[in-house]
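Q: Just one file: final00.txt, with compact mmCIF, C-alpha atoms and all ligand atoms.
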```
# COMPACT_ATOMS: atom_id res chain seq x y z
CA MET A 1257 7.29 -6.61 -10.99
CA LYS A 1258 8.85 -7.33 -14.33
CA ARG A 1259 9.97 -3.87 -15.27
CA ILE A 1260 10.09 -0.50 -13.65
CA VAL A 1261 10.45 2.43 -16.01
CA LEU A 1262 11.73 5.72 -14.70
CA SER A 1263 10.93 8.21 -17.38
CA VAL A 1264 10.17 11.30 -15.34
CA LEU A 1265 13.00 11.31 -12.92
CA GLY A 1266 15.70 13.29 -14.66
CA PRO A 1267 18.87 13.03 -12.60
CA LEU A 1268 17.24 10.54 -10.26
CA ALA A 1269 17.02 8.03 -13.06
CA VAL A 1270 20.77 8.02 -13.32
CA SER A 1271 21.33 7.29 -9.68
CA LEU A 1272 18.63 4.66 -9.57
CA SER A 1273 19.85 2.89 -12.68
CA VAL A 1274 22.60 1.27 -10.65
CA TYR A 1275 19.94 -1.00 -9.24
CA ALA A 1276 19.09 -2.41 -12.63
CA GLN A 1277 21.00 -5.57 -11.79
CA SER A 1278 18.28 -6.70 -9.41
CA PRO A 1279 16.71 -9.90 -10.71
CA ALA A 1280 13.22 -8.78 -9.76
CA ALA A 1281 13.14 -5.51 -11.67
CA THR A 1282 14.79 -3.94 -14.63
CA VAL A 1283 15.27 -0.21 -14.42
CA GLU A 1284 15.92 1.62 -17.61
CA GLN A 1285 15.99 5.22 -18.64
CA ALA A 1286 13.33 5.87 -21.23
CA PRO A 1287 14.14 7.97 -24.28
CA SER A 1288 11.49 10.51 -23.41
CA ALA A 1289 8.75 11.09 -20.91
CA ILE A 1290 5.11 10.61 -21.72
CA GLU A 1291 3.07 13.46 -20.40
CA PRO A 1292 -0.09 12.20 -18.75
CA GLY A 1293 -3.00 12.81 -21.05
CA SER A 1294 -0.73 13.71 -23.94
CA PRO A 1295 -1.66 12.65 -27.48
CA GLU A 1296 1.84 11.24 -27.70
CA THR A 1297 0.66 8.40 -25.51
CA SER A 1298 0.29 6.36 -28.65
CA ALA A 1299 -0.11 2.64 -28.84
CA ALA A 1300 3.43 2.32 -30.15
CA GLN A 1301 4.88 4.14 -27.18
CA ALA A 1302 2.59 2.31 -24.81
CA ASP A 1303 4.37 -0.87 -25.85
CA VAL A 1304 7.51 0.64 -24.36
CA LEU A 1305 6.11 2.69 -21.53
CA THR A 1306 2.92 1.39 -20.05
CA ASN A 1307 3.04 4.05 -17.40
CA PRO A 1308 5.57 6.69 -16.40
CA TRP A 1309 5.26 6.07 -12.68
CA GLY A 1310 6.86 2.68 -12.27
CA LEU A 1311 3.56 0.96 -11.53
CA PRO A 1312 3.45 -2.76 -12.32
CA GLU A 1313 2.87 -3.47 -15.98
CA ASP A 1314 -0.24 -5.58 -15.73
CA PRO A 1315 -3.74 -4.76 -16.97
CA LEU A 1316 -4.70 -3.00 -13.72
CA LEU A 1317 -1.30 -1.42 -12.98
CA GLY A 1318 -0.81 -3.76 -10.04
CA PHE A 1319 -4.21 -3.17 -8.46
CA ILE A 1320 -6.39 -6.09 -7.40
CA GLU A 1321 -10.15 -5.74 -7.07
CA ILE A 1322 -11.57 -6.75 -3.71
CA PRO A 1323 -15.26 -7.52 -4.20
CA ALA A 1324 -17.94 -5.95 -2.05
CA GLY A 1325 -19.16 -7.92 0.92
CA ALA A 1326 -18.62 -8.85 4.53
CA PHE A 1327 -15.47 -10.17 6.17
CA THR A 1328 -14.42 -11.13 9.68
CA MET A 1329 -12.38 -8.38 11.37
CA GLY A 1330 -10.43 -8.60 14.60
CA THR A 1331 -9.44 -11.39 16.98
CA LEU A 1332 -11.58 -13.67 19.11
CA ILE A 1333 -11.64 -12.89 22.84
CA ALA A 1334 -10.69 -16.51 23.51
CA GLU A 1335 -7.69 -16.38 21.18
CA PRO A 1336 -4.48 -16.42 23.27
CA GLU A 1337 -2.54 -14.25 20.83
CA GLY A 1338 -3.40 -10.68 20.04
CA ASP A 1339 -4.33 -7.81 22.33
CA ASP A 1340 -7.44 -6.06 23.48
CA GLY A 1341 -7.25 -3.38 20.82
CA GLU A 1342 -8.10 -5.94 18.15
CA ARG A 1343 -11.10 -7.42 20.00
CA PRO A 1344 -13.93 -8.32 19.77
CA GLN A 1345 -14.03 -10.12 16.47
CA HIS A 1346 -16.91 -8.89 14.35
CA SER A 1347 -18.26 -8.70 10.80
CA VAL A 1348 -17.65 -5.63 8.64
CA THR A 1349 -19.18 -5.07 5.22
CA LEU A 1350 -17.25 -3.05 2.65
CA PRO A 1351 -18.06 -1.84 -0.84
CA ASP A 1352 -15.68 -2.98 -3.54
CA TYR A 1353 -12.27 -1.34 -3.90
CA PHE A 1354 -8.86 -2.00 -5.42
CA ILE A 1355 -5.63 -2.55 -3.51
CA GLY A 1356 -2.02 -2.64 -4.60
CA LYS A 1357 -0.69 -6.15 -4.96
CA TYR A 1358 2.71 -4.89 -3.78
CA GLU A 1359 4.03 -2.41 -1.30
CA VAL A 1360 4.93 0.93 -2.94
CA THR A 1361 8.52 0.69 -4.17
CA VAL A 1362 11.47 3.04 -4.04
CA ALA A 1363 11.15 3.51 -7.81
CA GLN A 1364 7.50 4.47 -7.55
CA PHE A 1365 8.13 6.91 -4.73
CA ALA A 1366 11.08 8.36 -6.65
CA ALA A 1367 8.79 8.92 -9.65
CA PHE A 1368 6.51 10.93 -7.38
CA VAL A 1369 9.36 12.92 -5.87
CA GLY A 1370 10.80 13.71 -9.29
CA ASP A 1371 7.51 14.63 -10.91
CA ALA A 1372 6.02 16.59 -8.02
CA GLY A 1373 9.20 18.17 -6.70
CA TYR A 1374 8.38 16.72 -3.30
CA GLN A 1375 10.90 17.23 -0.52
CA ALA A 1376 11.58 13.66 0.55
CA ASP A 1377 13.97 12.29 3.12
CA PRO A 1378 17.01 11.11 1.08
CA ARG A 1379 16.88 7.76 2.87
CA SER A 1380 13.50 7.04 1.32
CA LEU A 1381 15.14 7.13 -2.13
CA ALA A 1382 18.32 5.29 -1.21
CA GLY A 1383 17.15 1.68 -1.38
CA PRO A 1384 17.08 -0.62 -4.39
CA ALA A 1385 14.40 0.37 -6.89
CA ASP A 1386 12.31 -2.75 -6.37
CA HIS A 1387 12.38 -2.66 -2.57
CA PRO A 1388 9.55 -1.12 -0.56
CA VAL A 1389 9.98 2.57 0.11
CA ARG A 1390 10.87 3.25 3.76
CA TYR A 1391 11.55 6.25 5.97
CA VAL A 1392 8.23 7.75 4.93
CA THR A 1393 5.89 9.47 7.32
CA TRP A 1394 2.14 9.05 7.14
CA PHE A 1395 2.05 12.51 5.57
CA ASP A 1396 4.56 11.48 2.89
CA ALA A 1397 2.39 8.49 2.06
CA VAL A 1398 -0.74 10.62 1.85
CA ALA A 1399 1.05 13.09 -0.44
CA TYR A 1400 2.03 10.22 -2.74
CA CYS A 1401 -1.59 9.10 -2.86
CA ALA A 1402 -2.88 12.58 -3.73
CA TRP A 1403 -0.30 12.88 -6.50
CA LEU A 1404 -1.11 9.44 -7.97
CA THR A 1405 -4.83 10.23 -7.86
CA GLU A 1406 -4.29 13.23 -10.12
CA ARG A 1407 -1.88 11.42 -12.43
CA LEU A 1408 -4.22 8.49 -12.98
CA ARG A 1409 -7.19 10.81 -13.52
CA GLY A 1410 -5.28 12.71 -16.18
CA TRP A 1411 -3.64 9.86 -18.08
CA THR A 1412 -5.26 8.33 -21.14
CA GLY A 1413 -3.62 5.00 -20.38
CA THR A 1414 -5.35 4.49 -17.05
CA PRO A 1415 -7.30 1.20 -17.23
CA SER A 1416 -10.95 1.99 -17.83
CA VAL A 1417 -12.13 0.09 -14.76
CA LEU A 1418 -10.01 2.39 -12.61
CA ALA A 1419 -10.47 5.54 -14.69
CA SER A 1420 -14.26 5.41 -14.51
CA ARG A 1421 -14.18 5.23 -10.74
CA LEU A 1422 -11.53 7.90 -10.36
CA GLN A 1423 -13.50 10.23 -12.61
CA GLY A 1424 -16.88 9.53 -11.00
CA ASP A 1425 -20.19 10.51 -12.53
CA ASP A 1426 -23.50 12.07 -11.62
CA GLU A 1427 -24.46 9.08 -9.49
CA GLU A 1428 -21.20 8.19 -7.74
CA PRO A 1429 -18.59 10.56 -6.30
CA ARG A 1430 -15.04 10.27 -7.48
CA TRP A 1431 -12.88 7.56 -5.92
CA GLN A 1432 -9.33 8.31 -4.87
CA VAL A 1433 -5.96 6.70 -4.57
CA SER A 1434 -5.55 6.52 -0.81
CA LEU A 1435 -3.94 4.68 1.99
CA PRO A 1436 -6.18 1.73 2.82
CA SER A 1437 -8.48 2.01 5.78
CA GLU A 1438 -7.80 -0.57 8.44
CA ALA A 1439 -10.81 -2.51 7.25
CA GLU A 1440 -9.74 -2.39 3.62
CA TRP A 1441 -6.27 -3.53 4.59
CA GLU A 1442 -7.45 -6.40 6.79
CA LYS A 1443 -10.00 -7.75 4.32
CA ALA A 1444 -7.40 -7.79 1.55
CA ALA A 1445 -4.98 -9.58 3.89
CA ARG A 1446 -7.20 -12.35 5.31
CA GLY A 1447 -10.20 -12.68 3.00
CA THR A 1448 -13.59 -13.59 4.38
CA ASP A 1449 -12.99 -16.82 6.31
CA GLY A 1450 -11.47 -15.35 9.46
CA ARG A 1451 -8.00 -16.81 8.96
CA ARG A 1452 -5.22 -15.39 11.09
CA TYR A 1453 -2.57 -14.90 8.40
CA PRO A 1454 -2.86 -14.22 4.68
CA TRP A 1455 -2.13 -17.88 3.87
CA GLY A 1456 -4.27 -19.47 6.62
CA ASP A 1457 -3.90 -20.27 10.31
CA THR A 1458 -0.54 -22.03 10.30
CA ARG A 1459 2.33 -20.08 11.79
CA ALA A 1460 4.69 -18.19 9.54
CA ASP A 1461 7.82 -19.70 8.11
CA SER A 1462 10.58 -18.32 5.93
CA THR A 1463 8.80 -19.24 2.70
CA ARG A 1464 5.72 -17.14 3.46
CA ALA A 1465 6.97 -13.82 4.76
CA ASN A 1466 10.02 -11.67 5.38
CA TYR A 1467 10.11 -11.48 9.18
CA GLY A 1468 12.52 -12.14 12.00
CA GLY A 1469 15.44 -11.09 9.81
CA SER A 1470 17.57 -8.07 9.22
CA GLY A 1471 16.26 -6.09 6.28
CA PRO A 1472 13.61 -5.60 3.60
CA THR A 1473 13.48 -7.62 0.41
CA ALA A 1474 12.18 -6.86 -3.08
CA VAL A 1475 8.41 -6.57 -3.13
CA GLY A 1476 6.49 -9.69 -4.10
CA GLY A 1477 9.23 -12.06 -3.05
CA TYR A 1478 7.03 -14.42 -1.03
CA PRO A 1479 4.29 -15.79 -3.30
CA ALA A 1480 3.65 -18.65 -0.84
CA GLY A 1481 2.43 -15.99 1.58
CA ALA A 1482 -0.17 -14.51 -0.77
CA SER A 1483 -3.55 -13.55 0.62
CA PRO A 1484 -6.78 -15.12 -0.72
CA TYR A 1485 -6.89 -12.24 -3.21
CA GLU A 1486 -3.23 -12.77 -4.22
CA VAL A 1487 -2.04 -9.64 -2.43
CA LEU A 1488 1.62 -10.00 -1.41
CA ASP A 1489 3.72 -9.02 1.62
CA MET A 1490 0.65 -8.32 3.74
CA ALA A 1491 2.60 -10.18 6.39
CA GLY A 1492 6.13 -8.91 6.82
CA ASN A 1493 8.63 -6.92 4.78
CA VAL A 1494 7.65 -3.35 5.76
CA LEU A 1495 5.01 -2.31 8.24
CA GLU A 1496 2.28 -0.46 6.36
CA TRP A 1497 0.54 2.81 7.19
CA THR A 1498 -3.23 2.84 6.98
CA ARG A 1499 -5.35 5.97 6.86
CA SER A 1500 -7.24 5.00 10.03
CA LEU A 1501 -6.79 6.64 13.40
CA TRP A 1502 -5.89 4.89 16.66
CA GLY A 1503 -6.05 7.84 19.04
CA ALA A 1504 -3.68 9.79 21.26
CA ASP A 1505 -3.12 7.07 23.88
CA LEU A 1506 -0.64 4.40 22.83
CA ALA A 1507 -2.04 1.79 25.20
CA ARG A 1508 -5.76 2.13 24.58
CA PRO A 1509 -7.46 2.87 21.27
CA GLN A 1510 -9.71 5.89 21.11
CA PHE A 1511 -11.18 4.11 18.12
CA GLY A 1512 -11.73 0.55 19.24
CA TYR A 1513 -13.87 -2.28 17.94
CA PRO A 1514 -16.34 -2.83 16.51
CA TYR A 1515 -15.03 -0.87 13.56
CA GLU A 1516 -17.31 2.09 12.91
CA PRO A 1517 -16.18 4.02 9.84
CA ASP A 1518 -18.38 7.00 10.61
CA ASP A 1519 -17.21 7.65 14.18
CA GLY A 1520 -14.29 9.87 13.18
CA ARG A 1521 -11.59 7.21 12.76
CA GLU A 1522 -11.33 7.88 9.04
CA ASN A 1523 -10.78 11.62 9.45
CA VAL A 1524 -7.77 12.21 7.23
CA ASP A 1525 -7.38 15.73 8.60
CA ALA A 1526 -6.74 14.61 12.17
CA PRO A 1527 -3.80 16.36 13.86
CA ALA A 1528 -0.34 14.84 14.18
CA THR A 1529 -0.95 14.15 17.87
CA ILE A 1530 -3.33 11.36 16.91
CA ARG A 1531 -1.63 8.04 16.22
CA ARG A 1532 -2.38 6.19 13.01
CA VAL A 1533 -2.76 2.44 12.65
CA LEU A 1534 -0.20 0.36 10.78
CA ARG A 1535 -0.54 -3.28 9.79
CA GLY A 1536 1.25 -6.44 8.88
CA GLY A 1537 4.44 -6.76 10.94
CA TYR A 1538 7.87 -6.18 9.48
CA PHE A 1539 11.16 -7.68 8.55
CA TYR A 1540 12.83 -8.01 11.93
CA LEU A 1541 9.79 -8.53 14.14
CA GLY A 1542 8.66 -12.00 15.20
CA ALA A 1543 5.71 -13.98 13.90
CA VAL A 1544 3.02 -12.63 16.23
CA GLY A 1545 3.03 -9.23 14.57
CA LEU A 1546 2.29 -10.86 11.22
CA SER A 1547 -1.32 -11.50 12.18
CA ALA A 1548 -3.73 -9.84 9.77
CA ALA A 1549 -5.67 -8.49 12.74
CA HIS A 1550 -2.85 -6.90 14.74
CA ARG A 1551 -3.05 -3.13 15.10
CA PHE A 1552 0.25 -1.26 15.35
CA ARG A 1553 0.03 2.46 16.08
CA TYR A 1554 2.51 5.28 15.76
CA ASP A 1555 2.64 9.04 15.41
CA PRO A 1556 2.04 10.03 11.80
CA ASP A 1557 5.21 12.10 11.60
CA ASN A 1558 7.40 9.18 12.69
CA ARG A 1559 9.98 8.27 10.10
CA PHE A 1560 11.54 4.84 10.45
CA GLY A 1561 13.25 2.31 8.24
CA THR A 1562 10.71 -0.37 9.10
CA ARG A 1563 7.69 1.47 7.72
CA GLY A 1564 6.27 1.83 4.25
CA PHE A 1565 2.84 1.62 2.68
CA ARG A 1566 0.65 0.37 -0.12
CA VAL A 1567 -2.27 2.12 -1.75
CA VAL A 1568 -5.90 1.51 -2.62
CA VAL A 1569 -8.28 2.96 -5.17
CA SER A 1570 -11.22 3.47 -2.89
CA PRO A 1571 -14.58 5.21 -2.58
CA LEU A 1572 -13.40 6.10 0.96
CA SER A 1573 -16.69 4.91 2.40
CA PRO A 1574 -15.89 3.40 4.75
CA CA B 1 4.13 -5.54 4.44
```
Would you mind writing the file's structure down as structure tokens?

A:
Amino acid sequence: MKRIVLSVLGPLAVSLSVYAQSPAATVEQAPSAIEPGSPETSAAQADVLTNPWGLPEDPLLGFIEIPAGAFTMGTLIAEPEGDDGERPQHSVTLPDYFIGKYEVTVAQFAAFVGDAGYQADPRSLAGPADHPVRYVTWFDAVAYCAWLTERLRGWTGTPSVLASRLQGDDEEPRWQVSLPSEAEWEKAARGTDGRRYPWGDTRADSTRANYGGSGPTAVGGYPAGASPYEVLDMAGNVLEWTRSLWGADLARPQFGYPYEPDDGRENVDAPATIRRVLRGGYFYLGAVGLSAAHRFRYDPDNRFGTRGFRVVVSPLSP
């Protein structure tokens, strides 16, 4: 996260500019906004504003491709840690998809709120620009995803590898920006070798994850805790919403293992009485919750300061 540009925020850019002193991100007010798809998105301007939404300025806007193939999901029955909802361990095969290297930041969520006129909880916009957004419900996160889908479809600067998938063609339906499914999240966090944490099987320590502390930190602050795909903060910092359903009963999953993407657990239109799965532990929880396999579950309209999200560009199948 070298630079976060807030060009579409109007008054919000002023209030957020006070965070420009953060060493991990520079926030500046751009001279003018670039309208997505506008001919003014010239190469000269692109040197200044790679994107108007505060996405990371790298060739894939902070997305990392996770190649198609099988991975090991869940926890062994014989493993002393973990609970029954994450057992039995089994193999799941996914098509390729892209996942955000970082949790969605306050600056990125503020860009959405400013551009879409979304009614957000003020607390979600109150943190430093380069910190993960918090106090967002599952529905807030889904709204962000729908907005970013349309913005990336309509912008001439969208990297071609993403644009082609988001546009679709006669042979393949359009992909979307979405919350990750549980399976997408877990594969990106632990890779294919069945490791317990993003970095391996050794227990967490303070160099690998933000946990057991008192508050969130700037996204990407723990490179020693990177996953095999170089995805960051999959253990710790904020707990992350997935799009997958747990069920109505807190204690027992309606949607248990093995993971079956077609059994209704990926129904994004499920009512608010159905809990959603979250992953990855968070900044004041202990090390056990950092396991890549652990399934947290909460009501989708819950709004807490421990919870945020990251996004995928996904075919949504599964
Ligand atoms: Ca996290």

Q: Using 8 Å as the limit and counting all atoms listed in the file, can you tabulate each residue of chain A that touches ligand CA 1 (chain B), with its shortest atom-to-atom distance in Å and the two atoms involved, as a Markdown table?

A:
```
| residue | atom | partner | partner_atom | distance |
| --- | --- | --- | --- | --- |
| A:Glu1359 | CA | B:CA1 | CA | 6.5 |
| A:Leu1488 | CA | B:CA1 | CA | 7.8 |
| A:Asp1489 | CA | B:CA1 | CA | 4.5 |
| A:Met1490 | CA | B:CA1 | CA | 4.5 |
| A:Ala1491 | CA | B:CA1 | CA | 5.3 |
| A:Gly1492 | CA | B:CA1 | CA | 4.6 |
| A:Asn1493 | CA | B:CA1 | CA | 4.7 |
| A:Val1494 | CA | B:CA1 | CA | 4.4 |
| A:Leu1495 | CA | B:CA1 | CA | 5.1 |
| A:Glu1496 | CA | B:CA1 | CA | 5.7 |
| A:Arg1535 | CA | B:CA1 | CA | 7.5 |
| A:Gly1536 | CA | B:CA1 | CA | 5.4 |
| A:Gly1537 | CA | B:CA1 | CA | 6.6 |
| A:Tyr1538 | CA | B:CA1 | CA | 6.3 |
| A:Gly1564 | CA | B:CA1 | CA | 7.7 |
| A:Phe1565 | CA | B:CA1 | CA | 7.5 |
```

Q: Keeping only C-alpha atoms, write those residues as a PDB file, keeping the file's coordinate frame.

A:
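Writing the result to selection_8.pdb gives the following:
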```pdb
ATOM      1  CA  GLU A1359       4.030  -2.410  -1.300  1.00  0.00           C
ATOM      2  CA  LEU A1488       1.620 -10.000  -1.410  1.00  0.00           C
ATOM      3  CA  ASP A1489       3.720  -9.020   1.620  1.00  0.00           C
ATOM      4  CA  MET A1490       0.650  -8.320   3.740  1.00  0.00           C
ATOM      5  CA  ALA A1491       2.600 -10.180   6.390  1.00  0.00           C
ATOM      6  CA  GLY A1492       6.130  -8.910   6.820  1.00  0.00           C
ATOM      7  CA  ASN A1493       8.630  -6.920   4.780  1.00  0.00           C
ATOM      8  CA  VAL A1494       7.650  -3.350   5.760  1.00  0.00           C
ATOM      9  CA  LEU A1495       5.010  -2.310   8.240  1.00  0.00           C
ATOM     10  CA  GLU A1496       2.280  -0.460   6.360  1.00  0.00           C
ATOM     11  CA  ARG A1535      -0.540  -3.280   9.790  1.00  0.00           C
ATOM     12  CA  GLY A1536       1.250  -6.440   8.880  1.00  0.00           C
ATOM     13  CA  GLY A1537       4.440  -6.760  10.940  1.00  0.00           C
ATOM     14  CA  TYR A1538       7.870  -6.180   9.480  1.00  0.00           C
ATOM     15  CA  GLY A1564       6.270   1.830   4.250  1.00  0.00           C
ATOM     16  CA  PHE A1565       2.840   1.620   2.680  1.00  0.00           C
TER      17      PHE A1565
END
```

Q: When you count all atoms listed in the file, which of these residues is closest to A:Val1569: A:Tyr1358, A:Tyr1374, A:Phe1319, A:Tyr1467?

A: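 When distances to A:Val1569 are compared using all atoms listed in the file, the smallest one comes from A:Phe1319.
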
Q: May I have the residues within 12 Å of A:Gln1375 as a list in words, using all atoms listed in the file and disregarding those fewer than 4 positions away in the same chain?

A: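 My list of contacting residues is Phe1365, Ala1366, Phe1368, Val1369, Gly1370, Asp1371, Arg1379, Ser1380, Leu1381, Val1392, Phe1395, Asp1396, Ala1399 and Tyr1400 of chain A.
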
Q: So the first atom is atom CA of A:Trp1497 and the second is atom CA of A:Ala1465; what is the distance between them in Å, to one decimal place?

A: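 According to the coordinates, atom CA of A:Trp1497 and atom CA of A:Ala1465 are separated by 18.0 Å.
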
Q: So, counting all atoms listed in the file, which residue among A:Leu1317, A:Ala1397, A:Ala1474, A:Leu1350 is closest to A:Val1417?

A: A:Leu1317

Q: Between atom CA of A:Glu1438 and atom CA of A:Phe1552, what is the distance in Å, rounded to a tenth?

A: 10.6 Å

Q: What is the distance between atom CA of A:Leu1534 and atom CA of A:Phe1511, in Å to one decimal?

A: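 Spanning atom CA of A:Leu1534 to atom CA of A:Phe1511 is a straight-line distance of 13.7 Å.
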
Q: Pick from A:Tyr1513, A:Ser1483, A:Ala1419, A:Trp1394: nearest to A:Arg1532, with all atoms listed in the file counted?

A: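 Nearest to A:Arg1532: A:Trp1394.
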
Q: Skipping near chain neighbours, those fewer than 5 positions away, what residues fall within 6 Å of A:Pro1436 using all atoms listed in the file, listed as a short mmCIF file (atom, residue, chain, number, x, y, z; two decimals) with C-alpha atoms, in the frame of the given file?

A:
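The result, written out as out24.cif:
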```
data_model
loop_
_atom_site.label_atom_id
_atom_site.label_comp_id
_atom_site.auth_asym_id
_atom_site.auth_seq_id
_atom_site.Cartn_x
_atom_site.Cartn_y
_atom_site.Cartn_z
CA TRP A 1441 -6.27 -3.53 4.59
CA THR A 1498 -3.23 2.84 6.98
CA ARG A 1499 -5.35 5.97 6.86
CA VAL A 1568 -5.90 1.51 -2.62
#
```
